[in-house]
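Enquirer: Got a file for you: input-v1.pdb, PDB, C-alpha atoms, pLDDT in the B column.
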ATOM      1  CA  MET A 236       0.000   0.000   0.000  1.00 44.00           C
ATOM      2  CA  LYS A 237       2.873   2.349   0.828  1.00 43.00           C
ATOM      3  CA  ASN A 238       4.358   1.810  -2.660  1.00 40.00           C
ATOM      4  CA  LEU A 239       0.985   2.531  -4.238  1.00 42.00           C
ATOM      5  CA  VAL A 240       0.690   5.812  -2.329  1.00 41.00           C
ATOM      6  CA  THR A 241       4.238   6.791  -3.263  1.00 40.00           C
ATOM      7  CA  SER A 242       3.457   6.018  -6.901  1.00 41.00           C
ATOM      8  CA  PHE A 243       0.346   8.201  -6.731  1.00 43.00           C
ATOM      9  CA  ILE A 244       2.337  11.080  -5.333  1.00 42.00           C
ATOM     10  CA  LEU A 245       4.946  10.741  -8.043  1.00 40.00           C
ATOM     11  CA  PHE A 246       2.360  10.364 -10.801  1.00 43.00           C
ATOM     12  CA  PHE A 247       0.158  13.269  -9.867  1.00 45.00           C
ATOM     13  CA  PHE A 248       2.374  15.806  -8.170  1.00 44.00           C
ATOM     14  CA  ILE A 249       5.803  15.614  -9.767  1.00 39.00           C
ATOM     15  CA  PRO A 250       4.401  17.166 -12.985  1.00 42.00           C
ATOM     16  CA  VAL A 251       3.526  20.256 -10.904  1.00 42.00           C
ATOM     17  CA  CYS A 252       7.247  20.588 -10.160  1.00 39.00           C
ATOM     18  CA  GLY A 253       8.183  20.264 -13.833  1.00 37.00           C
ATOM     19  CA  GLN A 254       9.445  16.662 -13.826  1.00 31.00           C
ATOM     20  CA  LYS A 255       8.232  13.718 -15.887  1.00 32.00           C
ATOM     21  CA  SER A 256       5.188  11.717 -14.798  1.00 34.00           C
ATOM     22  CA  VAL A 257       5.321   7.987 -14.127  1.00 27.00           C
ATOM     23  CA  ASN A 258       3.406   4.923 -15.266  1.00 32.00           C
ATOM     24  CA  ASP A 259      -0.011   5.360 -16.938  1.00 47.00           C
ATOM     25  CA  SER A 260      -1.376   2.240 -15.203  1.00 43.00           C
ATOM     26  CA  LEU A 261      -2.190   4.341 -12.117  1.00 41.00           C
ATOM     27  CA  LYS A 262      -4.726   6.458 -14.029  1.00 49.00           C
ATOM     28  CA  MET A 263      -7.515   4.030 -13.110  1.00 59.00           C
ATOM     29  CA  TYR A 264      -7.546   5.591  -9.636  1.00 63.00           C
ATOM     30  CA  TYR A 265      -7.664   9.125 -11.011  1.00 64.00           C
ATOM     31  CA  GLN A 266     -11.341  10.035 -11.236  1.00 70.00           C
ATOM     32  CA  ASP A 267     -11.336  13.783 -10.866  1.00 80.00           C
ATOM     33  CA  SER A 268      -9.139  16.672  -9.862  1.00 87.00           C
ATOM     34  CA  LEU A 269      -9.471  20.255  -8.772  1.00 91.00           C
ATOM     35  CA  ILE A 270      -6.727  22.773  -9.541  1.00 94.00           C
ATOM     36  CA  VAL A 271      -6.648  26.311  -8.156  1.00 95.00           C
ATOM     37  CA  ASN A 272      -4.149  28.942  -9.268  1.00 96.00           C
ATOM     38  CA  LYS A 273      -3.840  32.231  -7.441  1.00 95.00           C
ATOM     39  CA  ASN A 274      -1.344  35.075  -7.820  1.00 95.00           C
ATOM     40  CA  PHE A 275      -0.343  37.410  -5.003  1.00 92.00           C
ATOM     41  CA  LYS A 276       2.439  39.840  -4.138  1.00 89.00           C
ATOM     42  CA  ASP A 277       4.749  39.663  -1.143  1.00 84.00           C
ATOM     43  CA  GLY A 278       6.182  43.160  -1.158  1.00 83.00           C
ATOM     44  CA  PRO A 279       7.469  43.758  -4.704  1.00 88.00           C
ATOM     45  CA  ILE A 280       7.740  40.031  -5.516  1.00 89.00           C
ATOM     46  CA  SER A 281       5.001  38.257  -7.484  1.00 93.00           C
ATOM     47  CA  ASN A 282       4.078  34.776  -6.271  1.00 94.00           C
ATOM     48  CA  LYS A 283       2.017  31.989  -7.771  1.00 96.00           C
ATOM     49  CA  LEU A 284       0.044  29.585  -5.603  1.00 97.00           C
ATOM     50  CA  THR A 285      -1.078  26.270  -7.096  1.00 97.00           C
ATOM     51  CA  VAL A 286      -3.347  23.934  -5.139  1.00 97.00           C
ATOM     52  CA  LYS A 287      -4.323  20.548  -6.558  1.00 95.00           C
ATOM     53  CA  VAL A 288      -6.706  17.972  -5.109  1.00 94.00           C
ATOM     54  CA  ILE A 289      -6.850  14.486  -6.607  1.00 90.00           C
ATOM     55  CA  ASN A 290     -10.291  12.917  -6.171  1.00 88.00           C
ATOM     56  CA  PRO A 291     -11.939  15.764  -4.256  1.00 91.00           C
ATOM     57  CA  CYS A 292     -15.450  15.613  -2.844  1.00 86.00           C
ATOM     58  CA  ASN A 293     -17.956  15.953  -5.617  1.00 78.00           C
ATOM     59  CA  SER A 294     -21.595  16.160  -4.512  1.00 73.00           C
ATOM     60  CA  GLU A 295     -22.810  16.502  -8.118  1.00 74.00           C
ATOM     61  CA  LYS A 296     -21.322  13.107  -8.932  1.00 74.00           C
ATOM     62  CA  LYS A 297     -22.340  11.735  -5.512  1.00 74.00           C
ATOM     63  CA  ARG A 298     -18.741  10.758  -4.840  1.00 73.00           C
ATOM     64  CA  PHE A 299     -17.798  11.059  -1.182  1.00 73.00           C
ATOM     65  CA  ASP A 300     -15.185   8.332  -0.787  1.00 77.00           C
ATOM     66  CA  GLY A 301     -12.610   6.611  -2.940  1.00 78.00           C
ATOM     67  CA  ALA A 302      -9.308   4.776  -3.171  1.00 80.00           C
ATOM     68  CA  VAL A 303      -7.165   7.861  -2.663  1.00 83.00           C
ATOM     69  CA  THR A 304      -7.465  11.590  -2.043  1.00 87.00           C
ATOM     70  CA  ILE A 305      -4.441  13.881  -2.026  1.00 90.00           C
ATOM     71  CA  ILE A 306      -3.937  17.628  -1.755  1.00 94.00           C
ATOM     72  CA  SER A 307      -0.781  19.422  -2.809  1.00 95.00           C
ATOM     73  CA  ALA A 308       0.038  23.100  -2.606  1.00 97.00           C
ATOM     74  CA  ALA A 309       2.994  25.015  -3.997  1.00 97.00           C
ATOM     75  CA  VAL A 310       4.135  28.622  -3.768  1.00 96.00           C
ATOM     76  CA  LYS A 311       6.618  29.813  -6.346  1.00 96.00           C
ATOM     77  CA  ASN A 312       8.372  33.059  -7.216  1.00 93.00           C
ATOM     78  CA  LYS A 313      11.599  33.946  -9.050  1.00 92.00           C
ATOM     79  CA  ASN A 314      13.748  33.424  -5.929  1.00 91.00           C
ATOM     80  CA  TYR A 315      11.956  30.716  -3.974  1.00 91.00           C
ATOM     81  CA  ASN A 316       9.553  27.801  -4.141  1.00 94.00           C
ATOM     82  CA  ASP A 317       7.987  25.620  -1.504  1.00 96.00           C
ATOM     83  CA  SER A 318       5.443  22.831  -1.598  1.00 96.00           C
ATOM     84  CA  ILE A 319       3.575  20.392   0.592  1.00 96.00           C
ATOM     85  CA  VAL A 320       1.692  17.163  -0.187  1.00 94.00           C
ATOM     86  CA  TYR A 321      -0.873  15.549   2.093  1.00 94.00           C
ATOM     87  CA  ASN A 322      -2.300  12.088   1.400  1.00 91.00           C
ATOM     88  CA  TYR A 323      -5.463  11.730   3.460  1.00 90.00           C
ATOM     89  CA  PRO A 324      -5.197   8.205   4.915  1.00 89.00           C
ATOM     90  CA  TYR A 325      -8.964   7.621   5.257  1.00 87.00           C
ATOM     91  CA  ALA A 326     -10.118   8.162   1.671  1.00 84.00           C
ATOM     92  CA  GLN A 327     -12.360   5.090   1.949  1.00 83.00           C
ATOM     93  CA  SER A 328     -14.406   7.029   4.536  1.00 82.00           C
ATOM     94  CA  GLY A 329     -14.338  10.476   2.942  1.00 84.00           C
ATOM     95  CA  LEU A 330     -12.574  12.727   0.476  1.00 89.00           C
ATOM     96  CA  ILE A 331     -10.927  16.146   0.778  1.00 92.00           C
ATOM     97  CA  ASN A 332     -13.366  19.014   0.379  1.00 92.00           C
ATOM     98  CA  LEU A 333     -11.638  22.212  -0.802  1.00 94.00           C
ATOM     99  CA  LYS A 334     -13.713  25.351  -1.217  1.00 92.00           C
ATOM    100  CA  THR A 335     -11.661  27.634  -3.429  1.00 91.00           C
ATOM    101  CA  ASN A 336     -13.184  30.827  -2.017  1.00 91.00           C
ATOM    102  CA  ASN A 337     -11.838  29.910   1.460  1.00 91.00           C
ATOM    103  CA  ILE A 338      -8.211  30.198   0.288  1.00 95.00           C
ATOM    104  CA  SER A 339      -6.875  33.533   1.518  1.00 93.00           C
ATOM    105  CA  VAL A 340      -3.738  35.651   1.645  1.00 93.00           C
ATOM    106  CA  TYR A 341      -3.091  38.002   4.581  1.00 90.00           C
ATOM    107  CA  THR A 342      -0.301  40.378   5.469  1.00 91.00           C
ATOM    108  CA  VAL A 343       1.172  39.410   8.835  1.00 90.00           C
ATOM    109  CA  SER A 344       4.238  41.287  10.130  1.00 87.00           C
ATOM    110  CA  LYS A 345       5.125  42.537   6.624  1.00 87.00           C
ATOM    111  CA  HIS A 346       4.990  39.033   5.099  1.00 89.00           C
ATOM    112  CA  GLN A 347       2.220  37.309   3.184  1.00 92.00           C
ATOM    113  CA  ALA A 348       0.560  34.341   4.860  1.00 94.00           C
ATOM    114  CA  VAL A 349      -1.318  31.929   2.598  1.00 96.00           C
ATOM    115  CA  LEU A 350      -4.110  30.001   4.326  1.00 96.00           C
ATOM    116  CA  ILE A 351      -5.625  26.956   2.630  1.00 97.00           C
ATOM    117  CA  PRO A 352      -8.372  25.461   4.806  1.00 96.00           C
ATOM    118  CA  PHE A 353     -10.102  22.251   3.778  1.00 95.00           C
ATOM    119  CA  THR A 354     -12.595  19.855   5.279  1.00 92.00           C
ATOM    120  CA  TYR A 355     -13.661  16.282   4.539  1.00 91.00           C
ATOM    121  CA  CYS A 356     -16.861  14.722   3.230  1.00 87.00           C
ATOM    122  CA  GLY A 357     -18.118  11.201   3.551  1.00 71.00           C
ATOM    123  CA  ASN A 358     -19.449   9.183   6.420  1.00 59.00           C
ATOM    124  CA  TRP A 359     -20.663  11.756   8.916  1.00 66.00           C
ATOM    125  CA  ASP A 360     -20.303  11.310  12.600  1.00 73.00           C
ATOM    126  CA  ASN A 361     -20.096  13.867  15.361  1.00 82.00           C
ATOM    127  CA  ASP A 362     -16.307  14.173  15.256  1.00 85.00           C
ATOM    128  CA  THR A 363     -14.932  16.049  12.269  1.00 88.00           C
ATOM    129  CA  LYS A 364     -12.052  18.363  11.479  1.00 91.00           C
ATOM    130  CA  VAL A 365     -10.754  21.287   9.494  1.00 93.00           C
ATOM    131  CA  SER A 366      -7.235  21.074   8.121  1.00 95.00           C
ATOM    132  CA  TYR A 367      -5.063  24.051   7.250  1.00 95.00           C
ATOM    133  CA  ILE A 368      -2.084  24.307   4.964  1.00 97.00           C
ATOM    134  CA  VAL A 369      -0.195  27.499   5.781  1.00 96.00           C
ATOM    135  CA  PHE A 370       2.681  29.111   3.916  1.00 96.00           C
ATOM    136  CA  TYR A 371       4.376  31.903   5.839  1.00 94.00           C
ATOM    137  CA  ASN A 372       7.838  33.443   5.830  1.00 90.00           C
ATOM    138  CA  ARG A 373       9.442  30.647   3.771  1.00 91.00           C
ATOM    139  CA  LYS A 374       7.934  27.857   5.874  1.00 93.00           C
ATOM    140  CA  ASN A 375       4.953  25.577   5.409  1.00 96.00           C
ATOM    141  CA  TYR A 376       2.683  24.082   8.031  1.00 96.00           C
ATOM    142  CA  LEU A 377      -0.123  21.512   8.091  1.00 96.00           C
ATOM    143  CA  TYR A 378      -2.613  21.441  10.966  1.00 96.00           C
ATOM    144  CA  HIS A 379      -5.665  19.287  11.694  1.00 95.00           C
ATOM    145  CA  ILE A 380      -8.183  20.985  14.006  1.00 94.00           C
ATOM    146  CA  LYS A 381     -10.777  18.791  15.748  1.00 93.00           C
ATOM    147  CA  TYR A 382     -14.457  19.729  16.031  1.00 92.00           C
ATOM    148  CA  TYR A 383     -17.522  18.158  17.564  1.00 91.00           C
ATOM    149  CA  CYS A 384     -20.820  18.670  15.724  1.00 89.00           C
ATOM    150  CA  GLY A 385     -23.975  17.949  17.700  1.00 88.00           C
ATOM    151  CA  GLU A 386     -27.278  16.579  16.464  1.00 89.00           C
ATOM    152  CA  ASP A 387     -28.568  20.175  16.329  1.00 90.00           C
ATOM    153  CA  GLY A 388     -26.013  21.002  13.599  1.00 86.00           C
ATOM    154  CA  LYS A 389     -23.913  23.257  15.835  1.00 91.00           C
ATOM    155  CA  CYS A 390     -20.177  22.629  15.863  1.00 90.00           C
ATOM    156  CA  LYS A 391     -17.651  23.448  18.558  1.00 91.00           C
ATOM    157  CA  LEU A 392     -13.889  23.354  18.634  1.00 92.00           C
ATOM    158  CA  ASN A 393     -12.624  20.215  20.305  1.00 91.00           C
ATOM    159  CA  ASP A 394      -8.951  21.177  20.307  1.00 91.00           C
ATOM    160  CA  ASN A 395      -6.583  23.362  22.316  1.00 92.00           C
ATOM    161  CA  LEU A 396      -5.524  25.757  19.552  1.00 92.00           C
ATOM    162  CA  ASN A 397      -2.731  27.361  21.549  1.00 88.00           C
ATOM    163  CA  ILE A 398      -1.057  23.955  21.701  1.00 91.00           C
ATOM    164  CA  THR A 399      -2.007  22.731  18.201  1.00 92.00           C
ATOM    165  CA  LEU A 400      -0.927  25.977  16.492  1.00 94.00           C
ATOM    166  CA  LYS A 401       2.049  26.699  18.754  1.00 89.00           C
ATOM    167  CA  GLY A 402       4.544  26.642  15.849  1.00 87.00           C
ATOM    168  CA  LEU A 403       2.993  29.753  14.284  1.00 93.00           C
ATOM    169  CA  PRO A 404       3.853  33.369  15.109  1.00 92.00           C
ATOM    170  CA  SER A 405       1.276  34.755  17.565  1.00 91.00           C
ATOM    171  CA  THR A 406      -0.307  37.252  15.113  1.00 92.00           C
ATOM    172  CA  LEU A 407      -0.887  34.539  12.514  1.00 93.00           C
ATOM    173  CA  ARG A 408      -2.079  32.069  15.167  1.00 93.00           C
ATOM    174  CA  LEU A 409      -4.692  34.604  16.357  1.00 92.00           C
ATOM    175  CA  LYS A 410      -5.919  35.129  12.776  1.00 91.00           C
ATOM    176  CA  ILE A 411      -6.404  31.393  12.251  1.00 93.00           C
ATOM    177  CA  ILE A 412      -8.085  30.983  15.656  1.00 92.00           C
ATOM    178  CA  LYS A 413     -10.545  33.753  14.757  1.00 91.00           C
ATOM    179  CA  ASP A 414     -11.301  32.046  11.417  1.00 90.00           C
ATOM    180  CA  LEU A 415     -11.827  28.700  13.128  1.00 91.00           C
ATOM    181  CA  GLN A 416     -14.145  30.179  15.752  1.00 90.00           C
ATOM    182  CA  THR A 417     -16.301  32.124  13.270  1.00 90.00           C
ATOM    183  CA  LYS A 418     -16.286  30.163   9.991  1.00 90.00           C
ATOM    184  CA  TYR A 419     -16.836  26.614  11.268  1.00 89.00           C
ATOM    185  CA  ASN A 420     -19.677  26.731  13.783  1.00 87.00           C
ATOM    186  CA  SER A 421     -22.309  24.796  11.821  1.00 86.00           C
ATOM    187  CA  SER A 422     -22.245  21.359  10.210  1.00 84.00           C
ATOM    188  CA  ASN A 423     -23.140  23.113   6.930  1.00 84.00           C
ATOM    189  CA  ASN A 424     -19.695  24.773   7.002  1.00 84.00           C
ATOM    190  CA  PHE A 425     -18.080  21.340   6.661  1.00 80.00           C
ATOM    191  CA  GLN A 426     -19.964  20.321   3.506  1.00 76.00           C
TER
END
Can I see the file as structure tokens?

Expert:
Amino acid sequence: MKNLVTSFILFFFIPVCGQKSVNDSLKMYYQDSLIVNKNFKDGPISNKLTVKVINPCNSEKKRFDGAVTIISAAVKNKNYNDSIVYNYPYAQSGLINLKTNNISVYTVSKHQAVLIPFTYCGNWDNDTKVSYIVFYNRKNYLYHIKYYCGEDGKCKLNDNLNITLKGLPSTLRLKIIKDLQTKYNSSNNFQ
């Protein structure tokens, strides 16, 4: 299984970095993809953000689980590039749900912070989560924030954010905490 996952990563995400793709036999697991490109400036420097989800949630096709679901994100400019790949290990129970309008860029201490929140769809239970990919000051981060959603549809944080987000600068941590407290308080926000 580990070799299969590694092959998927190579097949789908190496082309983003400009290298050759691998064996076509893996295409049978590739059902759909979502690619988001966004440009932003960090001071005078132009940056390009590319986010790609392999086998994302797709309510129109009634596809909420699958063999694999992967998200990759890359930031690139003339002097620097950085990327991160996350293979969600429970694709059989749900797929990555990326809402493109939730991707945001903020200025924090004279640097641009890129926030890429995503949720998961599939078999619903009361425990769920929001994950964040963050690019800031030439570093990348990946966080999984736990929530509990009651039968009434209201959701509450079920995580100590000061501990979970401790690797972030305090100004950026406060921005993400505010987003988590205000944008994800209903089960509808996770769909």

Enquirer: Any chance you could tabulate, as a Markdown table, the residues of stretch 301-343 of chain A at most 12 Å from stretch 395-409 of chain A with each one's nearest atom pair and distance in Å to one decimal, using all atoms listed in the file, in chain and rising number order?

Expert:
| residue | atom | partner | partner_atom | distance |
| --- | --- | --- | --- | --- |
| A:Val340 | CA | A:Leu407 | CA | 11.3 |
| A:Tyr341 | CA | A:Leu407 | CA | 8.9 |
| A:Thr342 | CA | A:Leu407 | CA | 9.2 |
| A:Val343 | CA | A:Leu407 | CA | 6.4 |

Enquirer: Of the candidates A:Gly301, A:Pro324, A:Gly329, A:Gly388, which shows the shortest atom-to-atom distance to A:Tyr419, using all atoms listed in the file?

Expert: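 Using all atoms listed in the file, A:Tyr419 sits closest to A:Gly388.
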
Enquirer: Take every atom of stretch 411-423 of chain A listed in the file, fit an axis-aligned box around them, add 4 Å per side, and give the centre and edge lengths in Å to one decimal as AutoDock Vina command-line options.

Expert:
--center_x -14.8 --center_y 27.6 --center_z 11.3 --size_x 24.7 --size_y 20.4 --size_z 16.8

Enquirer: Here is a test: counting all atoms listed in the file, which residue of A:Val349, A:Ser344, A:Cys356, A:Asn393 is nearest to A:Ala326?

Expert: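 That would be A:Cys356, the residue with the smallest distance to A:Ala326.
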
Enquirer: Please, what distance in Å, to one decimal, runs between atom CA of A:Ile380 and atom CA of A:Lys276?

Expert: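 About the pair atom CA of A:Ile380 and atom CA of A:Lys276: they are 28.2 Å apart.
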
Enquirer: Expressed in Å to a single decimal, how great is the separation between atom CA of A:Asn375 and atom CA of A:Phe299?

Expert: 27.8 Å
